[in-house]
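The structure appears right after this line, and notes come after that.
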Amino acid sequence: DGARGPADPVLLQAQVQEGFGSLRRCYAQGAGPHPRQAAFQGLFLLYNLGSVEALHEVLQLPDTLRSCPALRRALAVDLAFREGNTARLFRLLRVLPYLQSCAVRCHVGRARRGALARLARALSTPKGQTLPLGFMVHLLALDGPEEARDLCQAHGLPLDGQERVVFLRGRYTEEGLPPAGTCQVLVGSKLAGRTLEEVVMAEEEEEGVDRPKSPA
């Protein structure tokens, strides 16, 4: 509701986590199999990317669940995130389905900041080394050169013209939360004009999930 202003992100996160917790308890107490459990556990892990507790819970699941595509993808993303493997992480994020992309979106800013910090440590010199912004756009799956410029400048990195970023020793800084970004490439573009219901149904079909049949 626009009249009420933007949603409280802390409250929203608490509600999402409570929803995850409720459904996990239902899975634990109910007799399986549960057709969408693997997909749900994948969303849970992606939403809690980097959490030791979330990973531990997923690793306790039966092999049959952990071998499902949705959960394998989530585990691969989590591993790349933990290892700081930027190239692999963003390659995986580019091809995640829409719902999984929504779940992991809250971690994209932190992942980009971590990648930028590693680049700054590796490349910064007293005279400065430059990288093309196009490389940054590709590596971090940004939505274009303008977002790359904004990201670099938000972390104290100067630009050389409009096309290159300069890594100068001592210039990289981190203040406040990392920029969230628009995530059109990583999230918005995957909706592709479909409704959320259409996306959910399509992803279930791709994963081979058996849905309850509608009454005749």
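Going by the structure tokens order, chains are called A, B, ..., each with residues numbered from 1, while ligands are numbered from 1 in the order shown.
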Practice item. Identify all residues of range 33-198 of chain A in strand (DSSP E) (DSSP on the backbone) and supply them as a ChimeraX atom specification. Key: /A:129-132,159-160,164-167
Write a file of the selected residues as a CSV table (one decimal), in the first residue's frame, keeping N, CA and C atoms.
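Final file, out-v3.csv:
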```csv
chain,number,residue,atom,x,y,z
A,129,GLN,N,45.9,1.2,-11.2
A,129,GLN,CA,45.7,0.3,-12.4
A,129,GLN,C,44.2,0.5,-12.8
A,130,THR,N,44.0,0.4,-14.1
A,130,THR,CA,42.6,0.6,-14.5
A,130,THR,C,42.0,-0.7,-15.1
A,131,LEU,N,40.7,-0.8,-15.0
A,131,LEU,CA,39.9,-1.9,-15.6
A,131,LEU,C,38.8,-1.3,-16.4
A,132,PRO,N,38.4,-1.9,-17.5
A,132,PRO,CA,37.2,-1.4,-18.2
A,132,PRO,C,36.0,-1.6,-17.4
A,159,LEU,N,37.2,7.2,-11.4
A,159,LEU,CA,37.0,6.8,-12.8
A,159,LEU,C,38.0,7.5,-13.7
A,160,ASP,N,38.4,6.8,-14.8
A,160,ASP,CA,39.2,7.4,-15.8
A,160,ASP,C,38.3,7.6,-17.0
A,164,ARG,N,36.4,3.5,-17.7
A,164,ARG,CA,37.4,2.7,-16.9
A,164,ARG,C,37.4,3.1,-15.4
A,165,VAL,N,37.6,2.2,-14.5
A,165,VAL,CA,37.7,2.4,-13.1
A,165,VAL,C,39.2,2.3,-12.8
A,166,VAL,N,39.6,3.2,-11.8
A,166,VAL,CA,41.0,3.2,-11.4
A,166,VAL,C,41.2,2.6,-10.0
A,167,PHE,N,42.0,1.7,-9.8
A,167,PHE,CA,42.3,1.1,-8.5
A,167,PHE,C,43.5,1.7,-8.0
```
Exercise for review: Name all residues at most 12 Å from range 12-27 of chain A (count only C-alpha atoms; drop same-chain ones fewer than 5 positions away) and give them as a list in words.
Suggested key: Pro6, Ala7, Gly32, Pro33, His34, Pro35, Arg36, Gln37, Ala38, Phe40, Gln41, Gly42, Leu43, Phe44, Leu45, Leu46, Tyr47, Asn48, Ala54, Glu57, Val58, Leu61, Ala103 and Cys106 of chain A
Mind writing the picked residues with N, CA and C atoms as an mmCIF file, in the first residue's frame?
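What follows is the written file out.cif:
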```
data_model
loop_
_atom_site.group_PDB
_atom_site.id
_atom_site.type_symbol
_atom_site.label_atom_id
_atom_site.label_comp_id
_atom_site.auth_asym_id
_atom_site.auth_seq_id
_atom_site.Cartn_x
_atom_site.Cartn_y
_atom_site.Cartn_z
ATOM 1 N N PRO A 6 7.059 2.628 2.385
ATOM 2 C CA PRO A 6 7.762 1.384 2.084
ATOM 3 C C PRO A 6 7.699 0.400 3.244
ATOM 4 N N ALA A 7 7.784 -0.879 2.908
ATOM 5 C CA ALA A 7 7.744 -1.922 3.934
ATOM 6 C C ALA A 7 9.003 -1.862 4.797
ATOM 7 N N GLY A 32 6.271 -37.909 4.286
ATOM 8 C CA GLY A 32 6.584 -37.546 2.905
ATOM 9 C C GLY A 32 6.090 -38.599 1.934
ATOM 10 N N PRO A 33 6.468 -38.491 0.663
ATOM 11 C CA PRO A 33 7.304 -37.405 0.130
ATOM 12 C C PRO A 33 6.510 -36.115 -0.083
ATOM 13 N N HIS A 34 7.223 -34.992 -0.068
ATOM 14 C CA HIS A 34 6.626 -33.684 -0.313
ATOM 15 C C HIS A 34 7.171 -33.173 -1.645
ATOM 16 N N PRO A 35 6.331 -33.090 -2.674
ATOM 17 C CA PRO A 35 6.823 -32.818 -4.032
ATOM 18 C C PRO A 35 7.673 -31.562 -4.175
ATOM 19 N N ARG A 36 7.379 -30.501 -3.412
ATOM 20 C CA ARG A 36 8.128 -29.254 -3.596
ATOM 21 C C ARG A 36 9.146 -29.005 -2.486
ATOM 22 N N GLN A 37 9.447 -30.021 -1.691
ATOM 23 C CA GLN A 37 10.358 -29.791 -0.573
ATOM 24 C C GLN A 37 11.758 -29.391 -1.039
ATOM 25 N N ALA A 38 12.263 -30.034 -2.069
ATOM 26 C CA ALA A 38 13.613 -29.700 -2.545
ATOM 27 C C ALA A 38 13.665 -28.262 -3.046
ATOM 28 N N PHE A 40 11.712 -25.812 -2.150
ATOM 29 C CA PHE A 40 11.579 -24.929 -0.992
ATOM 30 C C PHE A 40 12.887 -24.841 -0.211
ATOM 31 N N GLN A 41 13.533 -25.986 0.018
ATOM 32 C CA GLN A 41 14.791 -25.968 0.763
ATOM 33 C C GLN A 41 15.863 -25.200 0.000
ATOM 34 N N GLY A 42 15.797 -25.248 -1.331
ATOM 35 C CA GLY A 42 16.720 -24.444 -2.127
ATOM 36 C C GLY A 42 16.488 -22.957 -1.923
ATOM 37 N N LEU A 43 15.221 -22.549 -1.882
ATOM 38 C CA LEU A 43 14.896 -21.144 -1.621
ATOM 39 C C LEU A 43 15.363 -20.729 -0.228
ATOM 40 N N PHE A 44 15.169 -21.617 0.740
ATOM 41 C CA PHE A 44 15.595 -21.347 2.117
ATOM 42 C C PHE A 44 17.107 -21.120 2.185
ATOM 43 N N LEU A 45 17.880 -21.968 1.504
ATOM 44 C CA LEU A 45 19.336 -21.829 1.532
ATOM 45 C C LEU A 45 19.778 -20.550 0.826
ATOM 46 N N LEU A 46 19.161 -20.240 -0.303
ATOM 47 C CA LEU A 46 19.541 -19.036 -1.042
ATOM 48 C C LEU A 46 19.186 -17.769 -0.269
ATOM 49 N N TYR A 47 18.054 -17.777 0.405
ATOM 50 C CA TYR A 47 17.661 -16.604 1.193
ATOM 51 C C TYR A 47 18.612 -16.404 2.369
ATOM 52 N N ASN A 48 19.187 -17.509 2.849
ATOM 53 C CA ASN A 48 20.116 -17.459 3.981
ATOM 54 C C ASN A 48 21.547 -17.759 3.522
ATOM 55 N N ALA A 54 21.887 -22.701 8.106
ATOM 56 C CA ALA A 54 21.059 -23.094 6.967
ATOM 57 C C ALA A 54 21.728 -24.205 6.166
ATOM 58 N N GLU A 57 21.482 -27.518 8.006
ATOM 59 C CA GLU A 57 20.147 -28.112 7.915
ATOM 60 C C GLU A 57 19.935 -28.781 6.565
ATOM 61 N N VAL A 58 20.369 -28.121 5.501
ATOM 62 C CA VAL A 58 20.194 -28.691 4.165
ATOM 63 C C VAL A 58 21.020 -29.966 4.005
ATOM 64 N N LEU A 61 19.481 -33.281 5.013
ATOM 65 C CA LEU A 61 18.376 -33.835 4.232
ATOM 66 C C LEU A 61 18.805 -35.128 3.544
ATOM 67 N N ALA A 103 14.946 -15.074 -4.225
ATOM 68 C CA ALA A 103 15.388 -15.467 -2.885
ATOM 69 C C ALA A 103 16.801 -14.979 -2.591
ATOM 70 N N CYS A 106 18.737 -10.493 -2.030
ATOM 71 C CA CYS A 106 19.170 -9.691 -0.883
ATOM 72 C C CYS A 106 20.661 -9.835 -0.596
#
```
Practice item. For CA of Val200 in chain A and CA of Arg110 in chain A, quote the distance in Å rounded to one decimal. Key: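 If I compute the distance from CA of Val200 in chain A to CA of Arg110 in chain A, I get 27.0 Å.
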Practice item. Name the residues of range 33-205 of chain A that come out as helix (DSSP H, G or I) in a backbone DSSP run; write them as a PyMOL selection string. Key: chain A and resi 37-47+52-59+63-66+69-83+86-95+98-123+133-139+145-154+188-190+196-205
Point to revise | One-decimal distance in Å that lies between CA of Leu79 in chain A and CA of Thr182 in chain A | key: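 According to the coordinates, CA of Thr182 in chain A and CA of Leu79 in chain A are separated by 24.2 Å.
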Check your understanding: Near Pro178 in chain A, within 12 Å and counting only C-alpha atoms, which residues show up once chain neighbours fewer than 6 positions away are dropped, as a list in words?
Key ->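 Close residues of Pro178 in chain A: Cys106, His107, Val108, Gly109, Arg110, Ala111, Arg112, Arg113, Gly114, Ala115, Leu116, Ala117, Asp150, Leu151, Cys152, Gln153, Ala154 and His155 of chain A.
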Restricted to C-alpha atoms, what would the selected residues look like written as a short mmCIF file (atom, residue, chain, number, x, y, z; two decimals), in the first residue's frame?
```cif
data_model
loop_
_atom_site.label_atom_id
_atom_site.label_comp_id
_atom_site.auth_asym_id
_atom_site.auth_seq_id
_atom_site.Cartn_x
_atom_site.Cartn_y
_atom_site.Cartn_z
CA CYS A 106 19.17 -9.69 -0.88
CA HIS A 107 22.76 -11.01 -0.99
CA VAL A 108 23.75 -9.62 -4.39
CA GLY A 109 24.94 -6.27 -3.05
CA ARG A 110 27.16 -7.95 -0.46
CA ALA A 111 28.58 -10.34 -3.05
CA ARG A 112 29.43 -7.45 -5.37
CA ARG A 113 31.05 -5.50 -2.55
CA GLY A 114 33.15 -8.53 -1.61
CA ALA A 115 34.25 -8.95 -5.22
CA LEU A 116 35.15 -5.27 -5.52
CA ALA A 117 37.15 -5.45 -2.29
CA ASP A 150 27.86 4.17 -9.38
CA LEU A 151 29.15 1.03 -7.64
CA CYS A 152 32.79 2.03 -8.03
CA GLN A 153 32.22 5.61 -6.91
CA ALA A 154 30.19 4.44 -3.90
CA HIS A 155 33.34 2.61 -2.78
#
```
Review point. Which one of A:Asp78, A:Glu175, A:Glu83, A:Glu163 sits closest to Val52 in chain A if you count only C-alpha atoms?
Key: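 Using only C-alpha atoms, the shortest distance to Val52 in chain A belongs to A:Asp78.
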Point to revise | Computed interatomic separation between CA of Leu96 in chain A and CA of Gly134 in chain A (Å) | key: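 Straight-line distance from CA of Leu96 in chain A to CA of Gly134 in chain A works out to 22.3 Å.
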Review point. From the set A:Arg194, A:His56, A:Lys127, A:His138, which residue has the shortest atom-to-atom contact distance to Leu168 in chain A, counting only C-alpha atoms?
Key: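 Looking only at the distances to Leu168 in chain A, the closest residue turns out to be A:Lys127.
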Revision key, fill the gap. Among A:Pro62, A:Gly128, A:Pro179, A:Pro69, Ala39 in chain A is approached most closely, using only C-alpha atoms, by A:Pro69
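Proximity ranking of A:Leu55, A:Leu119, A:Val104, A:Leu65 relative to Asn85 in chain A places A:Leu119 first, based on only C-alpha atoms.
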**Study point:** Exercise: Pro145 in chain A partners within 9 Å, only C-alpha atoms, chain neighbours under 2 positions left out, as a list in words
**Key:**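 Counting only the stated atoms, we get Leu133, Gly134, Met136, Val137, Leu142, Asp143, Glu147, Ala148, Arg149, Asp150, Gln162 and Glu163 of chain A.
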Just-selected residues, N, CA and C atoms written as a CSV table (one decimal), in the first residue's frame:
```
chain,number,residue,atom,x,y,z
A,133,LEU,N,35.1,-0.7,-17.5
A,133,LEU,CA,33.8,-0.8,-16.8
A,133,LEU,C,33.0,-2.0,-17.4
A,134,GLY,N,33.2,-2.2,-18.7
A,134,GLY,CA,32.5,-3.3,-19.4
A,134,GLY,C,32.9,-4.7,-18.7
A,136,MET,N,33.7,-5.0,-15.5
A,136,MET,CA,32.9,-5.0,-14.3
A,136,MET,C,31.5,-5.4,-14.5
A,137,VAL,N,30.9,-4.9,-15.5
A,137,VAL,CA,29.5,-5.2,-15.8
A,137,VAL,C,29.3,-6.7,-16.1
A,142,LEU,N,26.1,-6.7,-13.7
A,142,LEU,CA,25.4,-5.4,-13.5
A,142,LEU,C,24.5,-5.1,-14.6
A,143,ASP,N,23.7,-4.1,-14.4
A,143,ASP,CA,22.7,-3.7,-15.4
A,143,ASP,C,23.2,-2.7,-16.5
A,147,GLU,N,25.5,1.7,-13.8
A,147,GLU,CA,25.5,1.0,-12.5
A,147,GLU,C,26.9,0.7,-12.0
A,148,ALA,N,27.7,0.3,-13.0
A,148,ALA,CA,29.1,0.0,-12.6
A,148,ALA,C,29.8,1.3,-12.1
A,149,ARG,N,29.6,2.4,-12.8
A,149,ARG,CA,30.2,3.6,-12.3
A,149,ARG,C,29.7,4.0,-10.9
A,150,ASP,N,28.4,3.8,-10.7
A,150,ASP,CA,27.9,4.2,-9.4
A,150,ASP,C,28.5,3.3,-8.3
A,162,GLN,N,34.7,7.8,-18.8
A,162,GLN,CA,33.4,7.2,-18.6
A,162,GLN,C,33.5,5.7,-18.7
A,163,GLU,N,34.7,5.1,-19.1
A,163,GLU,CA,34.8,3.7,-19.5
A,163,GLU,C,35.7,2.9,-18.6
```
